[in-house]
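Structure first, then comments.
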Amino acid sequence: MEALFIFIAKSSGLLVLFYFAYYFLLRKETFFNSNRWFLLLGLATSVALPFLVYTKIVWVDPAPMPNFNYSQAYIPQTIVKESFEINWNLVSLAIYAIGFSAFMIRFALDFYSLNSVLKGKKIQQQADFKFIDVTENIAPFSYFDYIVYNSSMYTETELENILEHEKVHSDQNHTIDVLISRVFCVLFWFNPIIWLYKKAILQNLEFIADSEAAKKISDKKAYQYTLLKITTHESCVAITNHFYQSLIKKRIVMLNKNQSKKRNYWKYYAVIPALVAFVLLFQIKVIAQEKKEIEEKIEKEVQIEKKQDVDVYKIRKTTTDQELKTIAEKLKQNHNVTCEISDVKRNSANELTAIKVNIEKGTEKVQTIQIEGNNAIKNCGIVITTQNNGVKEINLFTDGAIDKPMIVGNRIVEVKEIQNNSVDAIDPPSPPSAPTMPNFPSGPMPPAPDMSKMPKAPAAPKNVNDKAAMDKFEKELAEFQKKMDAFQPDLSAYEKQLSEIMSKREATFDKEMEKYDLAMEKYDADMEKFNQYVEQKYGKDTDEYNKSMKQYEKDMKIYERNMKEHERAMKKLEKENKRS
């Protein structure tokens with residue numbers, strides 16, 4: 001319960017922070033779209049940030065235990081009388097639940113009211129919008145792609161202004177902002193700031209719609225008169241973007257206000273120091289832990305680590321005779337263990353099918369491995385564990401058990417390959433080479449027609465009421481049209497030649513690109529096989545594998561760079577074609 005109250009307090013504080021930042025810094029600026037995202041970011045931050053807690057561990061010295069003589073201590077017994085106490089946590093939760101339920105019911109009734117307005121109405125589809133002409137005396141509104149209005153209440157010009165306004169709401173999905181603000185009002189109904197926050201969101205949406213609609217309307221004064229006329233219609237649907245708002249004066253002021261200067265964008269960043277302070281004060285959880293605990297843990301881990309030293313020698317079906325000889329030499333050199341390998345047999349693929357391994361330490365015969373059969377052997381190996389007191393323990397593993405992490409003593413041992421660095425070791429194959437990207441065909445272009453021969457258009461007279469000047473202008477215009485008709489065949493011929501040449505070159509280049517794409521697919525497949533081979537042969541931690549992966553990444557970066565250059569070349573070619 002306490003955690004819930006803390007979350008509500010933190011979230012409410014963040015809402016206050018963002019609202020005050022908007023009210024005192026951004027409310028009078030004309031950055032309407034930026035204000036929209038700032039307000040939505042404030043809602044998201046108020047919910048998400050309280051959950052992001054950084055845990056900081058502080059190591060402290062253990063507190064000394066006081067010496068206490070329990071035999072001589074007297075502990076008084078207190079009798080607690082039972083009394084009725086009010087659980088204010090439950091009372092607060094009950095009040096919140098009642099308010100939440102009431103506003104949820106109101107939210108549902110708003111949806112029902114909207115459905116009753118839209119149900120059974122004739123819908124007129126135009127582009128991405130669905131227009132509904134109703135007979136009820138309600139203010140025009142939009143809900144997602146629905147735009148509802150009563151055409152009988154307005155003139156043709158007024159209706160055009162209204163529809164342009166509502167199209168902006170619909171096109172920019174302002175209904176989502178309205179619904180999000182309503183949801184926050186239901187969740188934080190007890191916080192008066194959330195209602196002011198919602199009002200700021202709705203007001204800013206109207207500023208956006210007014211600003212965008214005014215750009216498409218030639219008569220801005222007529223649009224403002226339409227705003228004043230709609231104020232007389234008070235009936236509207238709560239969860240929609242309705243044309244009528246009570247803040248008409250502010251909307252008209254913002255319509256006529258000069259654009260804010262870009263240097264005022266610094267105001268958006270003014271909230272960052274406050275958020276940093278919020279995180280430092282409330283979102284860092286300090287946990288005190290006694291040094292003794294961690295010291296004992298580290299000491300215990302170090303003792304386990306020092307207790308044993310494990311050395312693994314792996315024999316695979318592809319192990320060569322030279323590698324077997326190297327394993328025997330290393331066992332003798334590192335552990336003074338004699339390893340005799342005999343009865344080695346291989347199949348046609350040069351894989352081990354039989355082997356016998358005798359392990360001796362001094363005069364004592366320790367263990368023997370003998371594998372016989374017609375199929376290739378499973379991986380086996382020798383594991384030597386050196387105890388802390390210097391005693392060596394020898395274990396032999398067969399039937400592929402060496403491939404999995406093994407438990408030796410009280411340690412889990414993960415086997416790694418032992419590579420043979422002798423001169424007889426086989427070098428890895430070379431990685432496949434990436435194909436080269438084709439270039440767009442070039443060549444001579446047909447000569448363009450002499451543009452100096454193109455006639456110049458006559459200038460229209462300044463006084464359109466001067467009949468003599470207008471008659472002269474019409475004659476000059478007719479002569480200009482004749483000259484243009486005579487010049488047009490040269491332009492058409494040049495355009496046709498240019499189109500034929502570029503079509504042939506594009507067809508040739510497309511075929512080359514198809515071949516290049518197929519080659520890249522083959523290269524990817526070959527590179528994948530090569531990497532699998534290197535991984536199986538040498539392991540992921542070897543220089544050969546890392547080298548091949550770096551080469552593959554380098555080739556893929558070149559491929560991506562080539563594709564970007566290709567896109568830029570095609571865009572440049574398209575611009576040149578348009579310019580021609």
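Identifiers in the structure tokens: chain A, B, ... in order shown; residue index from 1 per chain; ligand index from 1 in order shown.
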
What's the 9 Å shell around region 173-176 of chain A, counting only C-alpha atoms, without same-chain residues fewer than 2 positions away, as a list of chain:residue names?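 Listed by chain and then number, they are A:Ser142, A:Tyr143, A:Phe144, A:Asp145, A:Val168, A:His169, A:Ser170, A:Asp171, A:Val178, A:Leu179, A:Ile180, A:Ser181, A:Leu202, A:Leu205, A:Ile239, A:Thr240, A:Asn241.
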
Which neighbours of Ile123 (chain A) fall inside 9 Å, counting only C-alpha atoms, when residues of the same chain fewer than 5 positions from it are skipped, and could you give them as JSON, numbers by chain? {"A": [130, 131, 132, 133, 146]}

Within 8 Å of region 482-497 of chain A using only C-alpha atoms, minus same-chain residues under 4 positions, as a short mmCIF file (atom, residue, chain, number, x, y, z; two decimals) with N, CA, C and O atoms, in the first residue's frame:
```
data_model
loop_
_atom_site.label_atom_id
_atom_site.label_comp_id
_atom_site.auth_asym_id
_atom_site.auth_seq_id
_atom_site.Cartn_x
_atom_site.Cartn_y
_atom_site.Cartn_z
N PRO A 446 22.40 12.53 -76.27
CA PRO A 446 22.04 13.31 -77.46
C PRO A 446 22.10 14.80 -77.17
O PRO A 446 21.84 15.23 -76.03
N PRO A 447 22.49 15.60 -78.15
CA PRO A 447 22.58 17.06 -77.91
C PRO A 447 21.18 17.64 -77.66
O PRO A 447 20.21 17.30 -78.34
N ALA A 448 21.12 18.51 -76.68
CA ALA A 448 19.85 19.16 -76.35
C ALA A 448 19.54 20.24 -77.39
O ALA A 448 20.46 20.82 -77.98
N PRO A 449 18.28 20.52 -77.64
CA PRO A 449 17.94 21.58 -78.60
C PRO A 449 18.42 22.94 -78.10
O PRO A 449 18.60 23.15 -76.90
N LYS A 453 16.64 29.50 -78.98
CA LYS A 453 15.62 29.70 -80.00
C LYS A 453 14.20 29.69 -79.42
O LYS A 453 13.24 29.96 -80.12
N MET A 454 14.10 29.33 -78.14
CA MET A 454 12.77 29.29 -77.53
C MET A 454 12.25 30.72 -77.38
O MET A 454 12.95 31.59 -76.86
N PRO A 455 11.04 30.99 -77.83
CA PRO A 455 10.50 32.36 -77.76
C PRO A 455 10.22 32.77 -76.32
O PRO A 455 9.98 31.93 -75.46
N ALA A 478 -0.75 35.12 -79.03
CA ALA A 478 -1.03 34.18 -80.12
C ALA A 478 0.24 33.88 -80.93
O ALA A 478 0.51 32.72 -81.31
N ILE A 501 17.42 6.08 -74.64
CA ILE A 501 18.78 5.76 -74.19
C ILE A 501 18.77 5.34 -72.72
O ILE A 501 19.38 4.33 -72.34
N SER A 580 16.51 17.61 -67.39
CA SER A 580 16.58 17.57 -68.85
C SER A 580 15.20 17.71 -69.46
O SER A 580 15.03 18.41 -70.47
#
```

Could you name the residues that touch region 510-526 of chain A at 10 Å or less, counting only C-alpha atoms, but leaving out those on the same chain fewer than 5 positions away, as an mmCIF file with all heavy atoms, in the first residue's frame?
```cif
data_model
loop_
_atom_site.group_PDB
_atom_site.id
_atom_site.type_symbol
_atom_site.label_atom_id
_atom_site.label_comp_id
_atom_site.auth_asym_id
_atom_site.auth_seq_id
_atom_site.Cartn_x
_atom_site.Cartn_y
_atom_site.Cartn_z
ATOM 1 N N PRO A 431 38.788 -17.449 -46.913
ATOM 2 C CA PRO A 431 37.357 -17.122 -46.969
ATOM 3 C C PRO A 431 36.958 -16.717 -48.379
ATOM 4 O O PRO A 431 37.788 -16.247 -49.165
ATOM 5 C CB PRO A 431 37.230 -15.943 -46.000
ATOM 6 C CG PRO A 431 38.592 -15.328 -45.958
ATOM 7 C CD PRO A 431 39.554 -16.460 -46.141
ATOM 8 N N PRO A 432 35.680 -16.898 -48.749
ATOM 9 C CA PRO A 432 35.230 -16.503 -50.093
ATOM 10 C C PRO A 432 35.310 -14.997 -50.268
ATOM 11 O O PRO A 432 35.238 -14.236 -49.302
ATOM 12 C CB PRO A 432 33.775 -17.004 -50.132
ATOM 13 C CG PRO A 432 33.364 -17.086 -48.699
ATOM 14 C CD PRO A 432 34.591 -17.471 -47.940
ATOM 15 N N SER A 433 35.467 -14.578 -51.513
ATOM 16 C CA SER A 433 35.575 -13.145 -51.826
ATOM 17 C C SER A 433 34.203 -12.595 -52.202
ATOM 18 O O SER A 433 33.429 -13.244 -52.900
ATOM 19 C CB SER A 433 36.548 -12.922 -52.989
ATOM 20 O OG SER A 433 37.837 -13.410 -52.659
ATOM 21 N N ALA A 434 33.931 -11.384 -51.732
ATOM 22 C CA ALA A 434 32.650 -10.734 -52.027
ATOM 23 C C ALA A 434 32.638 -10.237 -53.475
ATOM 24 O O ALA A 434 33.663 -9.775 -53.981
ATOM 25 C CB ALA A 434 32.421 -9.569 -51.080
ATOM 26 N N PRO A 435 31.493 -10.327 -54.166
ATOM 27 C CA PRO A 435 31.418 -9.848 -55.553
ATOM 28 C C PRO A 435 31.473 -8.331 -55.614
ATOM 29 O O PRO A 435 31.220 -7.640 -54.623
ATOM 30 C CB PRO A 435 30.059 -10.379 -56.028
ATOM 31 C CG PRO A 435 29.248 -10.498 -54.781
ATOM 32 C CD PRO A 435 30.213 -10.893 -53.702
ATOM 33 N N THR A 436 31.820 -7.832 -56.778
ATOM 34 C CA THR A 436 31.924 -6.387 -56.990
ATOM 35 C C THR A 436 30.622 -5.864 -57.574
ATOM 36 O O THR A 436 30.055 -6.439 -58.502
ATOM 37 C CB THR A 436 33.089 -6.067 -57.951
ATOM 38 O OG1 THR A 436 34.284 -6.624 -57.421
ATOM 39 C CG2 THR A 436 33.261 -4.561 -58.093
ATOM 40 N N MET A 437 30.142 -4.737 -57.039
ATOM 41 C CA MET A 437 28.883 -4.158 -57.490
ATOM 42 C C MET A 437 29.070 -3.496 -58.859
ATOM 43 O O MET A 437 30.050 -2.791 -59.086
ATOM 44 C CB MET A 437 28.400 -3.123 -56.474
ATOM 45 C CG MET A 437 27.073 -2.497 -56.829
ATOM 46 S SD MET A 437 26.540 -1.364 -55.552
ATOM 47 C CE MET A 437 25.030 -0.736 -56.299
ATOM 48 N N PRO A 438 28.139 -3.709 -59.808
ATOM 49 C CA PRO A 438 28.262 -3.093 -61.137
ATOM 50 C C PRO A 438 27.990 -1.592 -61.084
ATOM 51 O O PRO A 438 27.315 -1.099 -60.186
ATOM 52 C CB PRO A 438 27.186 -3.822 -61.955
ATOM 53 C CG PRO A 438 26.160 -4.221 -60.947
ATOM 54 C CD PRO A 438 26.926 -4.547 -59.693
ATOM 55 N N ASN A 439 28.549 -0.882 -62.062
ATOM 56 C CA ASN A 439 28.320 0.555 -62.203
ATOM 57 C C ASN A 439 27.233 0.818 -63.241
ATOM 58 O O ASN A 439 27.045 0.031 -64.174
ATOM 59 C CB ASN A 439 29.610 1.276 -62.617
ATOM 60 C CG ASN A 439 30.680 1.178 -61.549
ATOM 61 O OD1 ASN A 439 30.379 1.278 -60.357
ATOM 62 N ND2 ASN A 439 31.926 0.968 -61.951
ATOM 63 N N PHE A 440 26.538 1.914 -63.057
ATOM 64 C CA PHE A 440 25.502 2.280 -64.018
ATOM 65 C C PHE A 440 26.158 2.636 -65.357
ATOM 66 O O PHE A 440 27.149 3.379 -65.387
ATOM 67 C CB PHE A 440 24.694 3.474 -63.508
ATOM 68 C CG PHE A 440 23.435 3.717 -64.290
ATOM 69 C CD1 PHE A 440 22.280 3.023 -63.992
ATOM 70 C CD2 PHE A 440 23.409 4.628 -65.329
ATOM 71 C CE1 PHE A 440 21.115 3.249 -64.698
ATOM 72 C CE2 PHE A 440 22.255 4.866 -66.047
ATOM 73 C CZ PHE A 440 21.089 4.153 -65.734
ATOM 74 N N LYS A 504 17.295 1.818 -72.123
ATOM 75 C CA LYS A 504 18.221 0.731 -72.456
ATOM 76 C C LYS A 504 19.278 0.576 -71.363
ATOM 77 O O LYS A 504 19.610 -0.540 -70.959
ATOM 78 C CB LYS A 504 18.883 1.017 -73.802
ATOM 79 C CG LYS A 504 17.931 0.907 -74.992
ATOM 80 C CD LYS A 504 18.648 1.222 -76.299
ATOM 81 C CE LYS A 504 17.685 1.142 -77.501
ATOM 82 N NZ LYS A 504 18.386 1.479 -78.777
ATOM 83 N N ARG A 505 19.800 1.710 -70.905
ATOM 84 C CA ARG A 505 20.832 1.630 -69.871
ATOM 85 C C ARG A 505 20.274 1.080 -68.558
ATOM 86 O O ARG A 505 20.935 0.288 -67.868
ATOM 87 C CB ARG A 505 21.440 3.018 -69.636
ATOM 88 C CG ARG A 505 22.265 3.506 -70.832
ATOM 89 C CD ARG A 505 22.864 4.864 -70.555
ATOM 90 N NE ARG A 505 23.605 5.352 -71.726
ATOM 91 C CZ ARG A 505 24.200 6.535 -71.794
ATOM 92 N NH1 ARG A 505 24.148 7.354 -70.756
ATOM 93 N NH2 ARG A 505 24.851 6.904 -72.885
ATOM 94 N N ASN A 531 32.360 -20.077 -42.032
ATOM 95 C CA ASN A 531 32.383 -19.775 -40.603
ATOM 96 C C ASN A 531 32.053 -21.003 -39.760
ATOM 97 O O ASN A 531 32.632 -21.219 -38.695
ATOM 98 C CB ASN A 531 31.409 -18.642 -40.297
ATOM 99 C CG ASN A 531 31.896 -17.299 -40.809
ATOM 100 O OD1 ASN A 531 33.094 -17.084 -40.933
ATOM 101 N ND2 ASN A 531 30.980 -16.402 -41.116
ATOM 102 N N GLN A 532 31.091 -21.808 -40.243
ATOM 103 C CA GLN A 532 30.765 -23.040 -39.525
ATOM 104 C C GLN A 532 31.961 -23.982 -39.495
ATOM 105 O O GLN A 532 32.260 -24.601 -38.467
ATOM 106 C CB GLN A 532 29.572 -23.731 -40.181
ATOM 107 C CG GLN A 532 28.249 -23.005 -39.958
ATOM 108 C CD GLN A 532 27.100 -23.662 -40.692
ATOM 109 O OE1 GLN A 532 27.303 -24.629 -41.445
ATOM 110 N NE2 GLN A 532 25.888 -23.147 -40.495
ATOM 111 N N TYR A 552 34.152 -10.792 -42.946
ATOM 112 C CA TYR A 552 32.753 -10.839 -43.374
ATOM 113 C C TYR A 552 32.048 -9.526 -43.029
ATOM 114 O O TYR A 552 31.304 -8.967 -43.846
ATOM 115 C CB TYR A 552 32.054 -12.009 -42.693
ATOM 116 C CG TYR A 552 30.580 -12.111 -43.028
ATOM 117 C CD1 TYR A 552 30.161 -12.463 -44.310
ATOM 118 C CD2 TYR A 552 29.620 -11.857 -42.060
ATOM 119 C CE1 TYR A 552 28.815 -12.552 -44.621
ATOM 120 C CE2 TYR A 552 28.267 -11.944 -42.363
ATOM 121 C CZ TYR A 552 27.881 -12.298 -43.643
ATOM 122 O OH TYR A 552 26.560 -12.371 -43.940
ATOM 123 N N MET A 556 30.359 -6.883 -45.648
ATOM 124 C CA MET A 556 28.965 -6.472 -45.553
ATOM 125 C C MET A 556 28.855 -4.942 -45.442
ATOM 126 O O MET A 556 27.926 -4.342 -45.982
ATOM 127 C CB MET A 556 28.305 -7.121 -44.337
ATOM 128 C CG MET A 556 28.129 -8.637 -44.474
ATOM 129 S SD MET A 556 27.330 -9.128 -46.030
ATOM 130 C CE MET A 556 25.727 -8.382 -45.842
ATOM 131 N N TYR A 559 29.214 -3.729 -48.852
ATOM 132 C CA TYR A 559 27.971 -3.978 -49.594
ATOM 133 C C TYR A 559 26.921 -2.919 -49.250
ATOM 134 O O TYR A 559 26.260 -2.367 -50.136
ATOM 135 C CB TYR A 559 27.460 -5.380 -49.245
ATOM 136 C CG TYR A 559 26.074 -5.677 -49.776
ATOM 137 C CD1 TYR A 559 25.860 -5.866 -51.137
ATOM 138 C CD2 TYR A 559 24.991 -5.757 -48.916
ATOM 139 C CE1 TYR A 559 24.595 -6.130 -51.622
ATOM 140 C CE2 TYR A 559 23.718 -6.024 -49.384
ATOM 141 C CZ TYR A 559 23.537 -6.212 -50.747
ATOM 142 O OH TYR A 559 22.289 -6.472 -51.224
#
```

Which of these, A:Leu15, A:Val53, A:Ala48, A:Met527, has the shortest distance to Ile284 (chain A) once you count only C-alpha atoms? A:Val53

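Comparing the minimum interatomic distances between Tyr313 (chain A) and each of A:Asn256, A:Gln203, A:Asn379, A:Asn336, counting only C-alpha atoms, we find that A:Asn379 sits nearest.
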
Pick out the residues sitting within 7 Å of Asp309 (chain A), and hand them over as a VMD selection string; count only C-alpha atoms, and ignore anything fewer than 5 positions along from it in its own chain. chain A and resid 385 to 387

Got a sec: who's within 8 Å of Gly373 (chain A), counting only C-alpha atoms, leaving out chain neighbours fewer than 3 positions off, as a PDB file with N, CA and C atoms, in the first residue's frame?
```pdb
ATOM      1  N   THR A 353      38.973 -44.663 -36.002  1.00  0.00           N
ATOM      2  CA  THR A 353      37.957 -45.674 -35.698  1.00  0.00           C
ATOM      3  C   THR A 353      38.366 -46.551 -34.519  1.00  0.00           C
ATOM      4  N   ALA A 354      39.675 -46.573 -34.199  1.00  0.00           N
ATOM      5  CA  ALA A 354      40.161 -47.377 -33.068  1.00  0.00           C
ATOM      6  C   ALA A 354      41.396 -46.699 -32.492  1.00  0.00           C
ATOM      7  N   ALA A 376      33.570 -43.985 -36.909  1.00  0.00           N
ATOM      8  CA  ALA A 376      34.455 -42.992 -36.305  1.00  0.00           C
ATOM      9  C   ALA A 376      34.158 -42.877 -34.814  1.00  0.00           C
TER      10      ALA A 376
END
```
